[in-house]
Structure formats: structure tokens, C-alpha cells
Amino acid sequence: MTALKMEYWVEKIVKEKGLQPSRISVYLAILQLWKEQKHSNPFQISRRKIMKLSGIKSIVTYHSCISELKDRGMVDYRPSYHPKLGSEVRLKPM
């Protein structure tokens, strides 16, 4: 995928109305991990990495951000309860 594809996902978050900055930050952290994993869809994320990249300090805030992104139809999220495996995320097109 090209840089234009990345612009598509960034444009999606810009067009989304009423998102709090923490949700935007988590979404951008998800995009960074997507990029690092060579634009695979779905791909693996870890709570720890997303929290570090986004600057989120609270696990409760992390979960509410992920829930809102999922509820808005921006991502599909399948949690993993395995300590070594990350949760699966799929970016959803507009």
C-alpha cells in the first residue's frame, strides 16, 4: 500500500465529528502499528504499545477509546486474553 492509503485513514479520523483527543490519539497509534506491520489488515496490537504511543495512562481510558472506535465502525477489535498474543484489529473503510 502506498502513502495515499495512509492518507485515507488519516482523512477518515479528521472527518469523524465529536471525537475526543484521546480517541484520535489511540486511532493514530493503531495506524502506526498497522504501518509497522506492513499494512496487514487485520493486524495485532498490544494494549501496552497503544497506551505508550498514544500517551494514554489509564487502562479504563484505553478500553473506552477502543470501544468508541469500535462502536463508530472505525475498527473491528477482537481482544486476546493470551499474555503473549496481541489483540486483533481490522481497519474498516468509510
# chains A, B, ... in the order shown; residues from 1 in each chain; ligands from 1

$ select_by_dssp --residues "chain A" --states "strand (DSSP E or B)" --output "list in words"
Phe43, Gln44, Ile45, Val75, Asp76, Tyr77, Arg78, Ser87, Glu88, Val89, Arg90 and Leu91 of chain A

$ residues_around --residues "region 12-22 of chain A" --least-positions-apart "5" --cutoff "9 Å" --atoms "only C-alpha atoms" --output "ChimeraX atom specification"
/A:7,27-28,54-56,61-62,65,68,74,93-94

$ closest_residue --among "A:Arg72, A:Ile59, A:Met51, A:Arg90" --to "Val26 (chain A)" --atoms "only C-alpha atoms"
A:Met51

$ residues_around --residues "Arg78 (chain A)" --least-positions-apart "3" --cutoff "8 Å" --atoms "only C-alpha atoms" --output "list in words"
Ser87, Glu88 and Val89 of chain A

$ write_last_selection --atoms "C-alpha atoms" --output "tab-separated table (two decimals), in the first residue's frame"
chain	number	residue	atom	x	y	z
A	87	SER	CA	-5.47	-8.32	20.14
A	88	GLU	CA	-6.61	-8.36	16.54
A	89	VAL	CA	-7.68	-5.12	14.86

$ closest_residue --among "A:Trp9, A:Val60, A:Ser46, A:Gly73" --to "Leu31 (chain A)" --atoms "only C-alpha atoms"
A:Trp9

$ select_by_dssp --residues "chain A" --states "helix (DSSP H, G or I)" --output "JSON, numbers by chain"
{"A": [3, 4, 5, 6, 7, 8, 9, 10, 11, 12, 13, 14, 15, 21, 22, 23, 24, 25, 26, 27, 28, 29, 30, 31, 32, 33, 34, 35, 36, 47, 48, 49, 50, 51, 52, 53, 54, 59, 60, 61, 62, 63, 64, 65, 66, 67, 68, 69, 70, 71]}

$ write_last_selection --atoms "N, CA and C atoms" --output "compact mmCIF listing (two decimals), in the first residue's frame"
# COMPACT_ATOMS: atom_id res chain seq x y z
N ALA A 3 1.52 5.58 0.41
CA ALA A 3 1.28 6.66 1.36
C ALA A 3 -0.13 7.21 1.19
N LEU A 4 -0.67 7.15 -0.02
CA LEU A 4 -2.05 7.60 -0.25
C LEU A 4 -3.03 6.80 0.60
N LYS A 5 -2.75 5.55 0.81
CA LYS A 5 -3.63 4.72 1.64
C LYS A 5 -3.60 5.22 3.09
N MET A 6 -2.43 5.59 3.56
CA MET A 6 -2.31 6.14 4.91
C MET A 6 -3.10 7.43 5.01
N GLU A 7 -3.04 8.25 3.99
CA GLU A 7 -3.80 9.50 3.97
C GLU A 7 -5.30 9.23 4.06
N TYR A 8 -5.76 8.16 3.45
CA TYR A 8 -7.17 7.77 3.50
C TYR A 8 -7.61 7.58 4.95
N TRP A 9 -6.82 6.85 5.74
CA TRP A 9 -7.18 6.55 7.12
C TRP A 9 -7.10 7.80 8.00
N VAL A 10 -6.10 8.65 7.74
CA VAL A 10 -5.99 9.90 8.50
C VAL A 10 -7.16 10.81 8.17
N GLU A 11 -7.54 10.87 6.91
CA GLU A 11 -8.69 11.68 6.50
C GLU A 11 -9.97 11.18 7.17
N LYS A 12 -10.07 9.88 7.34
CA LYS A 12 -11.25 9.30 8.00
C LYS A 12 -11.39 9.84 9.42
N ILE A 13 -10.30 9.90 10.16
CA ILE A 13 -10.37 10.39 11.54
C ILE A 13 -10.65 11.88 11.58
N VAL A 14 -10.14 12.62 10.61
CA VAL A 14 -10.37 14.07 10.56
C VAL A 14 -11.84 14.36 10.30
N LYS A 15 -12.48 13.56 9.46
CA LYS A 15 -13.89 13.77 9.11
C LYS A 15 -14.85 13.34 10.22
N PRO A 21 -9.87 13.98 21.91
CA PRO A 21 -8.45 13.84 21.54
C PRO A 21 -7.86 12.47 21.92
N SER A 22 -8.30 11.90 23.02
CA SER A 22 -7.76 10.59 23.41
C SER A 22 -8.12 9.52 22.39
N ARG A 23 -9.31 9.60 21.81
CA ARG A 23 -9.74 8.63 20.79
C ARG A 23 -8.92 8.80 19.52
N ILE A 24 -8.67 10.05 19.16
CA ILE A 24 -7.86 10.33 17.98
C ILE A 24 -6.45 9.80 18.19
N SER A 25 -5.92 10.02 19.37
CA SER A 25 -4.58 9.56 19.69
C SER A 25 -4.47 8.03 19.62
N VAL A 26 -5.46 7.34 20.14
CA VAL A 26 -5.46 5.86 20.07
C VAL A 26 -5.56 5.41 18.62
N TYR A 27 -6.43 6.05 17.84
CA TYR A 27 -6.58 5.69 16.43
C TYR A 27 -5.26 5.89 15.67
N LEU A 28 -4.58 7.00 15.93
CA LEU A 28 -3.30 7.25 15.27
C LEU A 28 -2.24 6.24 15.71
N ALA A 29 -2.28 5.83 16.97
CA ALA A 29 -1.36 4.78 17.44
C ALA A 29 -1.65 3.46 16.74
N ILE A 30 -2.94 3.17 16.54
CA ILE A 30 -3.32 1.96 15.79
C ILE A 30 -2.78 2.04 14.36
N LEU A 31 -2.91 3.21 13.73
CA LEU A 31 -2.38 3.38 12.38
C LEU A 31 -0.87 3.17 12.33
N GLN A 32 -0.17 3.63 13.37
CA GLN A 32 1.28 3.44 13.41
C GLN A 32 1.63 1.95 13.46
N LEU A 33 0.91 1.17 14.28
CA LEU A 33 1.18 -0.27 14.34
C LEU A 33 0.80 -0.96 13.03
N TRP A 34 -0.27 -0.49 12.39
CA TRP A 34 -0.67 -1.01 11.08
C TRP A 34 0.46 -0.79 10.07
N LYS A 35 1.04 0.40 10.10
CA LYS A 35 2.15 0.73 9.20
C LYS A 35 3.35 -0.16 9.49
N GLU A 36 3.68 -0.34 10.77
CA GLU A 36 4.82 -1.18 11.16
C GLU A 36 4.64 -2.63 10.74
N ARG A 47 -2.11 -3.64 24.11
CA ARG A 47 -2.58 -2.52 24.92
C ARG A 47 -1.41 -1.66 25.37
N ARG A 48 -0.38 -2.30 25.82
CA ARG A 48 0.80 -1.58 26.32
C ARG A 48 1.40 -0.66 25.25
N LYS A 49 1.54 -1.19 24.02
CA LYS A 49 2.12 -0.39 22.95
C LYS A 49 1.21 0.77 22.56
N ILE A 50 -0.09 0.50 22.46
CA ILE A 50 -1.04 1.55 22.10
C ILE A 50 -1.03 2.64 23.16
N MET A 51 -1.02 2.25 24.43
CA MET A 51 -1.01 3.24 25.51
C MET A 51 0.25 4.08 25.46
N LYS A 52 1.39 3.45 25.19
CA LYS A 52 2.64 4.19 25.13
C LYS A 52 2.65 5.17 23.95
N LEU A 53 2.25 4.69 22.77
CA LEU A 53 2.24 5.54 21.58
C LEU A 53 1.24 6.70 21.69
N SER A 54 0.11 6.44 22.32
CA SER A 54 -0.95 7.45 22.37
C SER A 54 -0.84 8.38 23.57
N ILE A 59 -5.88 2.35 31.91
CA ILE A 59 -6.44 1.19 31.20
C ILE A 59 -7.92 1.41 30.92
N VAL A 60 -8.62 2.05 31.83
CA VAL A 60 -10.04 2.34 31.63
C VAL A 60 -10.22 3.26 30.42
N THR A 61 -9.39 4.28 30.31
CA THR A 61 -9.46 5.19 29.16
C THR A 61 -9.15 4.44 27.88
N TYR A 62 -8.14 3.59 27.91
CA TYR A 62 -7.80 2.78 26.73
C TYR A 62 -9.02 2.00 26.26
N HIS A 63 -9.66 1.29 27.18
CA HIS A 63 -10.81 0.46 26.80
C HIS A 63 -11.99 1.30 26.31
N SER A 64 -12.20 2.47 26.91
CA SER A 64 -13.31 3.30 26.43
C SER A 64 -12.98 3.87 25.04
N CYS A 65 -11.73 4.17 24.77
CA CYS A 65 -11.33 4.65 23.44
C CYS A 65 -11.56 3.55 22.39
N ILE A 66 -11.09 2.36 22.68
CA ILE A 66 -11.25 1.24 21.75
C ILE A 66 -12.74 0.97 21.53
N SER A 67 -13.52 1.00 22.61
CA SER A 67 -14.96 0.75 22.49
C SER A 67 -15.63 1.79 21.59
N GLU A 68 -15.28 3.05 21.76
CA GLU A 68 -15.90 4.08 20.94
C GLU A 68 -15.49 3.95 19.48
N LEU A 69 -14.22 3.66 19.21
CA LEU A 69 -13.78 3.47 17.83
C LEU A 69 -14.50 2.28 17.20
N LYS A 70 -14.72 1.25 17.99
CA LYS A 70 -15.45 0.08 17.50
C LYS A 70 -16.92 0.43 17.27
N ASP A 71 -17.55 1.12 18.23
CA ASP A 71 -18.96 1.49 18.10
C ASP A 71 -19.21 2.42 16.92

$ atom_distance --atom1 "CA of Ser40 (chain A)" --atom2 "CA of Pro83 (chain A)"
21.7 Å

$ atom_distance --atom1 "CA of His39 (chain A)" --atom2 "CA of Leu85 (chain A)"
18.4 Å
